[in-house]
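*Asks:* Just one file: run.csv, with CSV, C-alpha atoms and all ligand atoms.
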chain,number,residue,atom,x,y,z
A,1,MET,CA,-72.1,-24.5,-172.2
A,2,LYS,CA,-71.3,-28.1,-173.0
A,3,VAL,CA,-67.9,-29.8,-173.0
A,4,PRO,CA,-67.5,-33.0,-175.0
A,5,PHE,CA,-65.4,-35.9,-173.8
A,6,ASN,CA,-63.1,-35.4,-176.8
A,7,ASP,CA,-63.3,-33.2,-179.9
A,8,LEU,CA,-61.5,-34.6,-183.0
A,9,THR,CA,-62.9,-31.9,-185.3
A,10,ARG,CA,-61.1,-29.2,-183.4
A,11,HIS,CA,-58.0,-31.5,-183.1
A,12,HIS,CA,-57.7,-31.8,-186.8
A,13,ALA,CA,-58.9,-28.4,-188.0
A,14,GLY,CA,-55.6,-26.6,-188.3
A,15,LEU,CA,-53.9,-29.7,-189.7
A,16,LEU,CA,-56.2,-30.4,-192.6
A,17,PRO,CA,-54.2,-28.6,-195.4
A,18,GLU,CA,-51.0,-30.6,-194.5
A,19,ILE,CA,-52.9,-33.8,-194.1
A,20,MET,CA,-54.7,-33.4,-197.4
A,21,ALA,CA,-51.4,-32.7,-199.2
A,22,GLU,CA,-49.9,-35.9,-197.7
A,23,ILE,CA,-52.9,-37.9,-198.7
A,24,GLY,CA,-52.6,-36.4,-202.2
A,25,ASP,CA,-49.2,-37.9,-202.4
A,26,VAL,CA,-50.6,-41.3,-201.6
A,27,PHE,CA,-53.1,-41.0,-204.4
A,28,SER,CA,-50.5,-39.7,-206.9
A,29,THR,CA,-48.2,-42.7,-206.2
A,30,SER,CA,-51.0,-45.3,-205.5
A,31,ALA,CA,-49.0,-46.5,-202.5
A,32,PHE,CA,-52.1,-47.4,-200.7
A,33,ILE,CA,-50.8,-50.4,-198.7
A,34,LEU,CA,-47.6,-49.9,-196.6
A,35,GLY,CA,-45.3,-47.8,-198.9
A,36,PRO,CA,-43.1,-44.8,-198.2
A,37,LYS,CA,-45.5,-42.9,-196.0
A,38,VAL,CA,-45.8,-45.9,-193.7
A,39,ALA,CA,-42.0,-46.4,-193.7
A,40,ALA,CA,-41.4,-42.7,-192.9
A,41,PHE,CA,-43.9,-42.8,-190.1
A,42,GLU,CA,-42.4,-46.0,-188.6
A,43,GLU,CA,-39.0,-44.3,-188.5
A,44,ARG,CA,-40.4,-41.2,-186.8
A,45,PHE,CA,-42.4,-43.2,-184.3
A,46,ALA,CA,-39.5,-45.5,-183.4
A,47,ALA,CA,-37.4,-42.3,-182.8
A,48,LEU,CA,-40.0,-40.9,-180.5
A,49,HIS,CA,-39.6,-43.9,-178.2
A,50,HIS,CA,-35.9,-44.4,-178.8
A,51,ALA,CA,-36.6,-47.9,-180.2
A,52,PRO,CA,-34.6,-49.4,-183.0
A,53,HIS,CA,-37.6,-50.9,-184.8
A,54,CYS,CA,-41.2,-49.9,-185.4
A,55,VAL,CA,-43.5,-52.1,-187.5
A,56,GLY,CA,-46.8,-50.4,-188.5
A,57,VAL,CA,-49.9,-52.6,-188.5
A,58,ASN,CA,-53.7,-52.1,-188.9
A,59,SER,CA,-54.6,-51.8,-185.1
A,60,GLY,CA,-53.4,-52.1,-181.6
A,61,THR,CA,-55.1,-55.4,-181.3
A,62,SER,CA,-53.2,-56.8,-184.3
A,63,ALA,CA,-50.0,-55.4,-182.8
A,64,LEU,CA,-50.5,-57.4,-179.6
A,65,HIS,CA,-51.5,-60.5,-181.5
A,66,LEU,CA,-48.3,-60.4,-183.7
A,67,ALA,CA,-46.0,-59.6,-180.8
A,68,LEU,CA,-47.3,-62.6,-178.8
A,69,LEU,CA,-47.1,-64.9,-181.9
A,70,SER,CA,-43.6,-63.7,-182.6
A,71,LEU,CA,-42.6,-64.7,-179.1
A,72,GLY,CA,-43.9,-68.2,-179.7
A,73,VAL,CA,-47.0,-67.9,-177.5
A,74,GLY,CA,-49.5,-70.5,-178.3
A,75,PRO,CA,-51.8,-73.3,-177.0
A,76,GLY,CA,-50.9,-74.6,-173.6
A,77,ASP,CA,-49.2,-71.3,-172.5
A,78,GLU,CA,-50.5,-68.7,-170.0
A,79,VAL,CA,-50.2,-65.0,-170.4
A,80,VAL,CA,-50.9,-62.7,-167.5
A,81,VAL,CA,-53.1,-59.7,-168.2
A,82,PRO,CA,-54.4,-57.1,-165.7
A,83,ALA,CA,-58.2,-57.4,-165.1
A,84,LEU,CA,-58.7,-53.7,-165.6
A,85,THR,CA,-58.0,-52.9,-169.3
A,86,PHE,CA,-59.6,-52.7,-172.7
A,87,VAL,CA,-60.6,-56.2,-173.7
A,88,ALA,CA,-58.3,-56.2,-176.7
A,89,THR,CA,-55.3,-56.9,-174.3
A,90,SER,CA,-56.7,-60.3,-173.6
A,91,TRP,CA,-58.2,-60.9,-177.1
A,92,ALA,CA,-54.7,-61.0,-178.4
A,93,VAL,CA,-53.8,-63.8,-175.9
A,94,SER,CA,-57.0,-65.8,-176.8
A,95,TYR,CA,-56.2,-65.4,-180.6
A,96,THR,CA,-52.9,-67.3,-180.1
A,97,GLY,CA,-54.7,-70.2,-178.4
A,98,ALA,CA,-53.0,-69.4,-175.1
A,99,THR,CA,-55.0,-68.8,-171.9
A,100,PRO,CA,-55.3,-65.3,-170.3
A,101,VAL,CA,-54.6,-65.3,-166.6
A,102,PHE,CA,-56.0,-62.2,-164.9
A,103,CYS,CA,-54.2,-60.4,-162.1
A,104,ASP,CA,-55.3,-57.6,-159.8
A,105,VAL,CA,-54.4,-53.9,-160.0
A,106,GLU,CA,-52.8,-51.5,-157.6
A,107,GLU,CA,-55.3,-49.7,-155.4
A,108,ALA,CA,-53.7,-46.3,-156.0
A,109,THR,CA,-53.2,-46.4,-159.8
A,110,GLY,CA,-55.4,-49.1,-161.3
A,111,LEU,CA,-52.3,-50.6,-163.0
A,112,MET,CA,-51.0,-54.2,-162.9
A,113,ASP,CA,-50.1,-55.0,-159.3
A,114,PRO,CA,-46.7,-56.7,-159.1
A,115,GLU,CA,-47.7,-58.6,-155.9
A,116,SER,CA,-50.8,-60.0,-157.6
A,117,LEU,CA,-48.7,-60.8,-160.7
A,118,LYS,CA,-46.3,-62.8,-158.5
A,119,ARG,CA,-49.1,-64.8,-157.1
A,120,VAL,CA,-50.6,-65.8,-160.5
A,121,MET,CA,-47.3,-66.6,-162.4
A,122,GLY,CA,-46.5,-70.2,-162.7
A,123,PRO,CA,-44.5,-72.7,-164.9
A,124,ARG,CA,-46.9,-72.2,-167.9
A,125,THR,CA,-46.5,-68.4,-167.8
A,126,LYS,CA,-45.0,-67.5,-171.2
A,127,ALA,CA,-45.6,-63.8,-171.2
A,128,VAL,CA,-46.8,-60.9,-169.1
A,129,ILE,CA,-48.6,-57.9,-170.5
A,130,PRO,CA,-48.4,-54.8,-168.3
A,131,VAL,CA,-50.9,-52.2,-169.6
A,132,HIS,CA,-49.8,-48.5,-169.3
A,133,LEU,CA,-53.4,-47.7,-168.6
A,134,TYR,CA,-54.8,-44.2,-169.0
A,135,GLY,CA,-51.3,-43.0,-170.1
A,136,ARG,CA,-49.4,-43.9,-166.9
A,137,ALA,CA,-46.5,-46.3,-167.1
A,138,CYS,CA,-46.6,-49.4,-164.9
A,139,ASP,CA,-43.8,-50.2,-162.4
A,140,MET,CA,-41.5,-51.7,-165.0
A,141,ASP,CA,-38.7,-52.5,-162.5
A,142,ALA,CA,-40.9,-54.8,-160.5
A,143,ILE,CA,-42.7,-56.3,-163.5
A,144,CYS,CA,-39.7,-57.0,-165.6
A,145,GLY,CA,-37.9,-58.4,-162.5
A,146,LEU,CA,-40.6,-60.8,-161.8
A,147,ALA,CA,-41.1,-61.9,-165.4
A,148,GLY,CA,-37.3,-62.4,-165.7
A,149,GLU,CA,-37.2,-64.7,-162.7
A,150,CYS,CA,-40.0,-66.8,-164.3
A,151,GLY,CA,-38.4,-66.7,-167.8
A,152,ALA,CA,-41.5,-65.0,-169.1
A,153,ALA,CA,-41.4,-62.3,-171.9
A,154,VAL,CA,-42.8,-58.9,-171.2
A,155,VAL,CA,-45.0,-57.3,-173.9
A,156,GLU,CA,-46.0,-53.7,-173.0
A,157,ASP,CA,-49.5,-52.7,-173.9
A,158,ALA,CA,-48.8,-49.0,-174.6
A,159,CYS,CA,-52.0,-48.5,-176.6
A,160,GLN,CA,-52.9,-45.5,-174.3
A,161,ALA,CA,-49.4,-44.3,-173.5
A,162,HIS,CA,-47.6,-42.7,-176.5
A,163,CYS,CA,-44.5,-40.9,-175.1
A,164,ALA,CA,-45.2,-42.0,-171.5
A,165,GLU,CA,-42.1,-42.6,-169.3
A,166,TRP,CA,-41.0,-44.8,-166.4
A,167,LYS,CA,-38.1,-43.2,-164.5
A,168,GLY,CA,-37.3,-40.9,-167.4
A,169,ARG,CA,-37.3,-43.6,-170.0
A,170,ARG,CA,-40.0,-43.8,-172.7
A,171,VAL,CA,-42.2,-46.8,-172.7
A,172,GLY,CA,-41.7,-49.1,-175.6
A,173,THR,CA,-38.3,-50.7,-174.9
A,174,PHE,CA,-38.7,-52.2,-171.5
A,175,GLY,CA,-40.0,-55.6,-172.7
A,176,ALA,CA,-39.4,-57.8,-175.7
A,177,ALA,CA,-42.0,-55.8,-177.6
A,178,ALA,CA,-44.4,-52.9,-177.0
A,179,CYS,CA,-47.7,-52.4,-178.8
A,180,PHE,CA,-49.4,-49.1,-179.6
A,181,SER,CA,-52.9,-48.2,-181.0
A,182,PHE,CA,-53.6,-45.3,-183.3
A,183,TYR,CA,-57.4,-45.5,-182.9
A,184,PRO,CA,-58.6,-42.0,-183.7
A,185,GLY,CA,-59.2,-40.9,-180.2
A,186,LYS,CA,-55.8,-41.9,-178.9
A,187,ASN,CA,-53.1,-39.4,-178.0
A,188,LEU,CA,-51.8,-40.0,-181.5
A,189,GLY,CA,-54.6,-41.1,-183.6
A,190,ALA,CA,-55.1,-42.1,-187.3
A,191,ALA,CA,-58.0,-41.3,-189.6
A,192,GLY,CA,-59.2,-44.9,-189.2
A,193,GLU,CA,-57.6,-48.0,-187.6
A,194,GLY,CA,-53.8,-48.3,-187.0
A,195,GLY,CA,-51.2,-49.8,-184.6
A,196,ALA,CA,-47.5,-50.5,-184.2
A,197,VAL,CA,-45.1,-52.9,-182.6
A,198,LEU,CA,-41.9,-51.5,-181.2
A,199,THR,CA,-38.9,-53.7,-180.4
A,200,ARG,CA,-35.2,-53.7,-179.8
A,201,ASN,CA,-34.9,-57.2,-181.2
A,202,ASP,CA,-34.0,-57.5,-184.9
A,203,ALA,CA,-35.3,-61.0,-185.4
A,204,LEU,CA,-38.6,-60.2,-183.7
A,205,ALA,CA,-39.1,-57.1,-185.8
A,206,ALA,CA,-38.5,-59.2,-189.0
A,207,ARG,CA,-41.0,-61.8,-187.8
A,208,VAL,CA,-43.7,-59.2,-187.1
A,209,ARG,CA,-43.0,-57.7,-190.6
A,210,MET,CA,-43.4,-61.1,-192.2
A,211,LEU,CA,-46.6,-62.0,-190.2
A,212,ARG,CA,-48.3,-58.7,-190.9
A,213,ASP,CA,-47.9,-59.3,-194.7
A,214,HIS,CA,-49.4,-62.9,-195.2
A,215,GLY,CA,-46.2,-64.5,-193.9
A,216,GLN,CA,-44.4,-63.5,-197.1
A,217,THR,CA,-40.7,-64.2,-197.3
A,218,SER,CA,-40.5,-63.0,-200.9
A,219,ARG,CA,-43.3,-62.2,-203.4
A,220,TYR,CA,-45.9,-65.0,-203.3
A,221,HIS,CA,-43.7,-67.2,-201.1
A,222,HIS,CA,-45.1,-67.7,-197.7
A,223,GLY,CA,-42.9,-69.0,-194.9
A,224,VAL,CA,-45.6,-69.3,-192.3
A,225,VAL,CA,-49.4,-68.8,-192.0
A,226,GLY,CA,-49.6,-65.1,-191.9
A,227,PHE,CA,-52.2,-62.3,-191.6
A,228,ASN,CA,-53.3,-59.2,-193.5
A,229,TYR,CA,-52.5,-56.8,-190.8
A,230,ARG,CA,-50.7,-54.1,-192.9
A,231,MET,CA,-50.9,-50.4,-192.2
A,232,ASP,CA,-52.4,-48.5,-195.1
A,233,GLY,CA,-50.7,-45.6,-196.9
A,234,ILE,CA,-53.3,-43.0,-195.9
A,235,GLN,CA,-52.9,-43.8,-192.2
A,236,GLY,CA,-49.1,-43.6,-192.6
A,237,ALA,CA,-49.5,-40.2,-194.2
A,238,VAL,CA,-51.9,-38.9,-191.5
A,239,LEU,CA,-49.9,-40.3,-188.7
A,240,GLY,CA,-46.7,-38.8,-190.2
A,241,VAL,CA,-48.2,-35.3,-190.0
A,242,LYS,CA,-49.6,-35.8,-186.5
A,243,ALA,CA,-46.5,-37.5,-185.0
A,244,LYS,CA,-44.7,-34.1,-185.3
A,245,ARG,CA,-47.2,-32.6,-182.8
A,246,VAL,CA,-47.6,-35.4,-180.3
A,247,GLU,CA,-45.1,-34.0,-177.8
A,248,GLU,CA,-46.9,-30.6,-177.8
A,249,TRP,CA,-50.3,-32.3,-177.4
A,250,THR,CA,-49.0,-34.3,-174.5
A,251,GLU,CA,-47.9,-31.1,-172.8
A,252,ARG,CA,-51.4,-29.7,-173.3
A,253,ARG,CA,-53.0,-32.8,-171.8
A,254,ARG,CA,-50.6,-32.6,-168.8
A,255,ALA,CA,-51.6,-28.9,-168.3
A,256,VAL,CA,-55.3,-29.8,-168.3
A,257,ALA,CA,-54.6,-32.6,-165.8
A,258,ALA,CA,-52.6,-30.2,-163.6
A,259,PHE,CA,-55.4,-27.7,-163.6
A,260,TYR,CA,-58.0,-30.4,-162.7
A,261,ARG,CA,-55.8,-31.6,-159.9
A,262,LYS,CA,-55.2,-28.2,-158.4
A,263,GLU,CA,-58.9,-27.2,-158.6
A,264,LEU,CA,-60.4,-30.5,-157.5
A,265,GLU,CA,-57.9,-31.5,-154.8
A,266,GLY,CA,-59.6,-32.1,-151.5
A,267,LEU,CA,-63.1,-32.3,-152.9
A,268,ASP,CA,-64.8,-34.7,-150.5
A,269,GLY,CA,-66.2,-37.7,-152.3
A,270,LEU,CA,-63.9,-37.6,-155.3
A,271,THR,CA,-60.5,-39.5,-155.5
A,272,LEU,CA,-58.1,-37.9,-158.0
A,273,PRO,CA,-55.5,-39.9,-160.0
A,274,ALA,CA,-52.5,-40.8,-157.8
A,275,PRO,CA,-49.5,-38.5,-158.0
A,276,GLU,CA,-47.1,-39.3,-160.8
A,277,GLY,CA,-44.2,-40.7,-158.8
A,278,PRO,CA,-41.6,-42.1,-161.2
A,279,ALA,CA,-44.0,-42.3,-164.1
A,280,ARG,CA,-44.5,-39.5,-166.5
A,281,HIS,CA,-48.3,-39.7,-167.1
A,282,VAL,CA,-49.5,-38.6,-170.6
A,283,TYR,CA,-53.1,-38.4,-169.6
A,284,HIS,CA,-54.8,-40.2,-172.4
A,285,LEU,CA,-57.6,-40.3,-169.8
A,286,PHE,CA,-58.1,-38.4,-166.5
A,287,VAL,CA,-59.8,-40.9,-164.3
A,288,VAL,CA,-61.4,-40.0,-161.0
A,289,ARG,CA,-63.1,-42.3,-158.6
A,290,SER,CA,-66.3,-42.0,-156.6
A,291,PRO,CA,-68.4,-44.3,-154.5
A,292,ARG,CA,-71.4,-42.6,-156.0
A,293,ARG,CA,-70.1,-43.1,-159.6
A,294,ASP,CA,-73.4,-43.8,-161.4
A,295,ALA,CA,-75.2,-40.8,-159.8
A,296,LEU,CA,-72.2,-38.6,-160.5
A,297,LEU,CA,-72.1,-39.7,-164.1
A,298,ALA,CA,-75.8,-39.0,-164.6
A,299,ALA,CA,-75.4,-35.6,-162.8
A,300,LEU,CA,-72.5,-34.6,-165.0
A,301,ALA,CA,-74.2,-35.8,-168.2
A,302,ALA,CA,-77.3,-33.7,-167.3
A,303,ARG,CA,-75.0,-30.7,-166.9
A,304,GLY,CA,-73.5,-31.2,-170.3
A,305,VAL,CA,-70.1,-32.7,-169.3
A,306,GLY,CA,-69.1,-35.6,-171.6
A,307,CYS,CA,-67.7,-38.4,-169.5
A,308,GLY,CA,-66.6,-42.0,-170.1
A,309,LEU,CA,-66.2,-45.2,-168.1
A,310,HIS,CA,-62.8,-47.0,-168.5
A,311,TYR,CA,-63.8,-49.7,-167.8
A,312,PRO,CA,-67.1,-50.7,-166.1
A,313,LEU,CA,-66.6,-54.5,-166.1
A,314,PRO,CA,-63.2,-56.1,-165.5
A,315,LEU,CA,-62.1,-58.8,-167.9
A,316,HIS,CA,-62.3,-61.7,-165.5
A,317,LEU,CA,-66.1,-61.1,-165.2
A,318,GLN,CA,-66.8,-60.7,-169.0
A,319,GLU,CA,-69.2,-63.2,-170.4
A,320,ALA,CA,-66.7,-64.1,-173.1
A,321,TYR,CA,-64.4,-65.4,-170.4
A,322,ALA,CA,-67.0,-67.2,-168.3
A,323,GLY,CA,-65.4,-70.5,-169.2
A,324,LEU,CA,-62.2,-69.5,-167.3
A,325,GLY,CA,-64.1,-69.9,-164.1
A,326,TYR,CA,-63.6,-66.6,-162.3
A,327,SER,CA,-66.2,-65.1,-160.0
A,328,ALA,CA,-67.0,-61.7,-158.5
A,329,GLY,CA,-64.7,-61.1,-155.6
A,330,ASP,CA,-61.6,-62.8,-157.1
A,331,LEU,CA,-59.9,-59.6,-158.1
A,332,PRO,CA,-61.3,-57.1,-155.6
A,333,ARG,CA,-59.3,-54.0,-156.5
A,334,ALA,CA,-60.0,-54.3,-160.3
A,335,GLU,CA,-63.7,-54.7,-159.4
A,336,ALA,CA,-63.7,-51.6,-157.1
A,337,TRP,CA,-62.0,-49.6,-159.9
A,338,ALA,CA,-64.6,-50.7,-162.4
A,339,GLY,CA,-67.5,-49.7,-160.1
A,340,GLN,CA,-66.0,-46.3,-159.2
A,341,CYS,CA,-64.1,-45.0,-162.2
A,342,LEU,CA,-65.2,-41.9,-164.2
A,343,SER,CA,-63.2,-40.3,-167.0
A,344,LEU,CA,-63.5,-36.5,-167.3
A,345,PRO,CA,-63.1,-34.7,-170.6
A,346,ILE,CA,-59.4,-34.2,-171.6
A,347,PHE,CA,-58.0,-33.2,-175.0
A,348,PRO,CA,-55.2,-30.9,-176.1
A,349,GLU,CA,-57.5,-28.2,-177.5
A,350,MET,CA,-59.6,-27.6,-174.3
A,351,SER,CA,-59.8,-23.9,-173.6
A,352,GLY,CA,-59.2,-22.4,-170.1
A,353,GLU,CA,-62.9,-21.5,-170.0
A,354,GLU,CA,-63.9,-25.1,-170.7
A,355,MET,CA,-61.5,-26.5,-168.1
A,356,ALA,CA,-62.9,-24.0,-165.4
A,357,TRP,CA,-66.4,-24.9,-166.4
A,358,VAL,CA,-65.8,-28.6,-166.1
A,359,VAL,CA,-64.3,-28.1,-162.6
A,360,ASP,CA,-67.3,-26.0,-161.6
A,361,GLN,CA,-69.7,-28.7,-162.8
A,362,CYS,CA,-67.8,-31.4,-161.0
A,363,ARG,CA,-67.9,-29.5,-157.7
A,364,LYS,CA,-71.7,-29.0,-158.1
A,365,ALA,CA,-72.4,-32.5,-159.2
A,366,VAL,CA,-70.3,-34.0,-156.3
A,367,ARG,CA,-72.2,-31.8,-153.8
A,368,GLU,CA,-75.5,-32.9,-155.4
A,369,CYS,CA,-74.7,-36.6,-155.2
A,370,GLY,CA,-73.4,-36.6,-151.6
A,371,ARG,CA,-70.2,-38.4,-150.5
A,401,LIG,C1,-55.2,-50.7,-173.5
A,401,LIG,C2,-55.6,-51.0,-174.9
A,401,LIG,N1,-55.2,-52.2,-175.4
A,401,LIG,C3,-55.5,-52.5,-176.7
A,401,LIG,C4,-56.2,-51.6,-177.5
A,401,LIG,C5,-56.6,-52.1,-178.9
A,401,LIG,O1,-56.2,-51.1,-179.9
A,401,LIG,P1,-57.1,-51.0,-181.2
A,401,LIG,O2,-58.4,-50.4,-180.9
A,401,LIG,O3,-56.2,-50.1,-182.1
A,401,LIG,O4,-57.2,-52.4,-181.8
A,401,LIG,C6,-56.7,-50.4,-177.0
A,401,LIG,C7,-57.4,-49.5,-177.8
A,401,LIG,O5,-58.6,-49.3,-177.9
A,401,LIG,C8,-56.4,-50.1,-175.6
A,401,LIG,O6,-56.8,-49.0,-175.1
Once you've parsed the file, please lay out its structure as structure tokens.
Ligand SMILES: Cc1ncc(COP(=O)(O)O)c(C=O)c1O

*Replies:*
Amino acid sequence: MKVPFNDLTRHHAGLLPEIMAEIGDVFSTSAFILGPKVAAFEERFAALHHAPHCVGVNSGTSALHLALLSLGVGPGDEVVVPALTFVATSWAVSYTGATPVFCDVEEATGLMDPESLKRVMGPRTKAVIPVHLYGRACDMDAICGLAGECGAAVVEDACQAHCAEWKGRRVGTFGAAACFSFYPGKNLGAAGEGGAVLTRNDALAARVRMLRDHGQTSRYHHGVVGFNYRMDGIQGAVLGVKAKRVEEWTERRRAVAAFYRKELEGLDGLTLPAPEGPARHVYHLFVVRSPRRDALLAALAARGVGCGLHYPLPLHLQEAYAGLGYSAGDLPRAEAWAGQCLSLPIFPEMSGEEMAWVVDQCRKAVRECGR
């Protein structure tokens, strides 16, 4: 047996007739850019997160870029980003001309650590980007409180956290804006690139809408220098079909995670994801930690278990950011996570047999690698 890290073919198989019919509509109307399918999806996605506005764009990276720009972030500003995240979180800051300032993560969860955030915030901090990494919501009470004291805006990076919750409230409306990715492997994925900005703020939504479409105020009249960051009609059509199922898929992911947790609990040499606490985890990724991570990864790969590393090098140590002057040891918990994290296969269509087999391979591989 082999179990892949994710299986998008299986994920889409039952949906193809409906998806193809929706794509057929896009062709018959030639509404290839934005258009009614995108508008309908925006409405559905906003409702899923109880947000008044959703603006569809062409990637999560673009969503972050436009959210920051719309908040007036630019050269001379600092934006705090956790060191353990996908690099696009800080790319968005760099694109605006502001400087990313990296903070450390919590030992237990790998998420932005409010204590570390407090230490790195200063008079130039214009925004803070908590990342709901792996599908678990950050401590939004502490983070919004600290940002508020500093007059900094909060932009949630919810690219991995569709439908996740903090204290019973969906992510997406805690900050000034929240950004989502619909990269194909995400909990809600497009058939290509896609992203969205959610916000409660009418003016901010209008600004993101203008910026995504070349800064147009009316046809061929451009109020500001804008971007071509529009969502295309085919992605709107596909996402509209898939958004109806995302709650059900989330429950399946949570069931896989519960099974892993029950079966792998107490296995010496393997640290499981921390208990949920006040956050409802949507398990985009099921990330375990091991001091023998590289050996364990090799042993699992040899056994046919598809694993991933999220992420093996924290942002403050990336070559692209060498100019910022960080060194190894500056953010020790993010560095420890990067050296020990290992993502096990998790997707809604996993069968009971596959789940049991992965657990069995994990037990054997951990034993093989020692503690
Ligand atoms: C945490 C995080 N932020 C930002 C992004 C960027 O999203 P996209 O790949 O849609 O540009 C991703 C997705 O890969 C992500 O996981």

*Asks:* Give me, as a tab-separated table, the closest atom pair and its distance (Å, one decimal) for every residue of stretch 16-47 of chain A within a cut-off of 12 Å of stretch 161-172 of chain A, counting only C-alpha atoms, rows sorted by chain and rising number.

*Replies:*
residue	atom	partner	partner_atom	distance
A:Phe45	CA	A:His162	CA	9.4
A:Ala46	CA	A:Gly172	CA	8.9
A:Ala47	CA	A:Arg170	CA	10.5

*Asks:* Neighbours of A:Glu265 within 12 Å (only C-alpha atoms; same-chain residues fewer than 3 positions away dropped), as a ChimeraX atom specification?

*Replies:* /A:257-262,268-275,288,359,362-363

*Asks:* I need the chosen residues saved as an mmCIF file, in the frame of the given file, with C-alpha atoms.

*Replies:*
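Final file, again.cif:
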data_model
loop_
_atom_site.group_PDB
_atom_site.id
_atom_site.type_symbol
_atom_site.label_atom_id
_atom_site.label_comp_id
_atom_site.auth_asym_id
_atom_site.auth_seq_id
_atom_site.Cartn_x
_atom_site.Cartn_y
_atom_site.Cartn_z
ATOM 1 C CA ALA A 257 -54.600 -32.600 -165.800
ATOM 2 C CA ALA A 258 -52.600 -30.200 -163.600
ATOM 3 C CA PHE A 259 -55.400 -27.700 -163.600
ATOM 4 C CA TYR A 260 -58.000 -30.400 -162.700
ATOM 5 C CA ARG A 261 -55.800 -31.600 -159.900
ATOM 6 C CA LYS A 262 -55.200 -28.200 -158.400
ATOM 7 C CA ASP A 268 -64.800 -34.700 -150.500
ATOM 8 C CA GLY A 269 -66.200 -37.700 -152.300
ATOM 9 C CA LEU A 270 -63.900 -37.600 -155.300
ATOM 10 C CA THR A 271 -60.500 -39.500 -155.500
ATOM 11 C CA LEU A 272 -58.100 -37.900 -158.000
ATOM 12 C CA PRO A 273 -55.500 -39.900 -160.000
ATOM 13 C CA ALA A 274 -52.500 -40.800 -157.800
ATOM 14 C CA PRO A 275 -49.500 -38.500 -158.000
ATOM 15 C CA VAL A 288 -61.400 -40.000 -161.000
ATOM 16 C CA VAL A 359 -64.300 -28.100 -162.600
ATOM 17 C CA CYS A 362 -67.800 -31.400 -161.000
ATOM 18 C CA ARG A 363 -67.900 -29.500 -157.700
#

*Asks:* Could you list as a list of chain:residue names every residue that has an atom within 6 Å of (-53.0, -46.3, -164.5), using the file's coordinates and counting only C-alpha atoms?

*Replies:*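 The requested residues, written out, are A:Thr109, A:Gly110, A:Leu111, A:Leu133, A:Tyr134, A:Arg136.
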
*Asks:* Generate a file of the selected residues that holds C-alpha atoms, formatted as a CSV table (one decimal), in the coordinates of the input.

*Replies:*
chain,number,residue,atom,x,y,z
A,109,THR,CA,-53.2,-46.4,-159.8
A,110,GLY,CA,-55.4,-49.1,-161.3
A,111,LEU,CA,-52.3,-50.6,-163.0
A,133,LEU,CA,-53.4,-47.7,-168.6
A,134,TYR,CA,-54.8,-44.2,-169.0
A,136,ARG,CA,-49.4,-43.9,-166.9

*Asks:* All residues within 7 Å of ligand LIG 401 (chain A) are required, counting only C-alpha atoms and all ligand atoms; please report them as a ChimeraX atom specification.

*Replies:* /A:59-62,85-89,131,133,157-160,181-183,193-195

*Asks:* Rounded to one decimal, what separation in Å do you get between atom CA of A:Val197 and atom CA of A:Val57?

*Replies:* 7.6 Å

*Asks:* Could you name the residues that touch stretch 341-356 of chain A at 6 Å or less, counting all atoms listed in the file, but leaving out those on the same chain fewer than 4 positions away, as a PyMOL selection string?

*Replies:* chain A and resi 5-6+249+252-253+286-289+307-309+337

*Asks:* Grab the atom CA of A:Glu335 to atom CA of A:Leu296 distance for me, in Å with one decimal place.

*Replies:*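 Atom-to-atom, atom CA of A:Glu335 to atom CA of A:Leu296, that is 18.2 Å.
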
*Asks:* I need the residue nearest A:His50 from this list: A:Val256, A:Leu198, A:Ala203, A:Ala176. Use only C-alpha atoms for the distance.

*Replies:*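 Checking each of A:Val256, A:Leu198, A:Ala203, A:Ala176 against A:His50, counting only C-alpha atoms, the winner is A:Leu198.
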
*Asks:* Could you please determine the separation between atom CA of A:Leu71 and atom CA of A:Tyr321 in Å, to one decimal place?

*Replies:*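 The value is 23.5 Å.
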
*Asks:* Which residue gives the smallest distance to A:Pro123 among A:Ala13, A:Ala51, A:Met140, A:Cys150, with all atoms listed in the file counted?

*Replies:*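 Of all the options, A:Cys150 lies closest to A:Pro123.
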
*Asks:* Just want the 12 Å neighbourhood of A:Ala98, counted on all atoms listed in the file, with same-chain residues fewer than 6 positions away dropped. Output as a ChimeraX atom specification.

*Replies:* /A:65,68-69,72-81,90-92,124-127

*Asks:* Dump C-alpha atoms for the selected residues as an mmCIF file, in the frame of the given file?

*Replies:*
data_model
loop_
_atom_site.group_PDB
_atom_site.id
_atom_site.type_symbol
_atom_site.label_atom_id
_atom_site.label_comp_id
_atom_site.auth_asym_id
_atom_site.auth_seq_id
_atom_site.Cartn_x
_atom_site.Cartn_y
_atom_site.Cartn_z
ATOM 1 C CA HIS A 65 -51.500 -60.500 -181.500
ATOM 2 C CA LEU A 68 -47.300 -62.600 -178.800
ATOM 3 C CA LEU A 69 -47.100 -64.900 -181.900
ATOM 4 C CA GLY A 72 -43.900 -68.200 -179.700
ATOM 5 C CA VAL A 73 -47.000 -67.900 -177.500
ATOM 6 C CA GLY A 74 -49.500 -70.500 -178.300
ATOM 7 C CA PRO A 75 -51.800 -73.300 -177.000
ATOM 8 C CA GLY A 76 -50.900 -74.600 -173.600
ATOM 9 C CA ASP A 77 -49.200 -71.300 -172.500
ATOM 10 C CA GLU A 78 -50.500 -68.700 -170.000
ATOM 11 C CA VAL A 79 -50.200 -65.000 -170.400
ATOM 12 C CA VAL A 80 -50.900 -62.700 -167.500
ATOM 13 C CA VAL A 81 -53.100 -59.700 -168.200
ATOM 14 C CA SER A 90 -56.700 -60.300 -173.600
ATOM 15 C CA TRP A 91 -58.200 -60.900 -177.100
ATOM 16 C CA ALA A 92 -54.700 -61.000 -178.400
ATOM 17 C CA ARG A 124 -46.900 -72.200 -167.900
ATOM 18 C CA THR A 125 -46.500 -68.400 -167.800
ATOM 19 C CA LYS A 126 -45.000 -67.500 -171.200
ATOM 20 C CA ALA A 127 -45.600 -63.800 -171.200
#
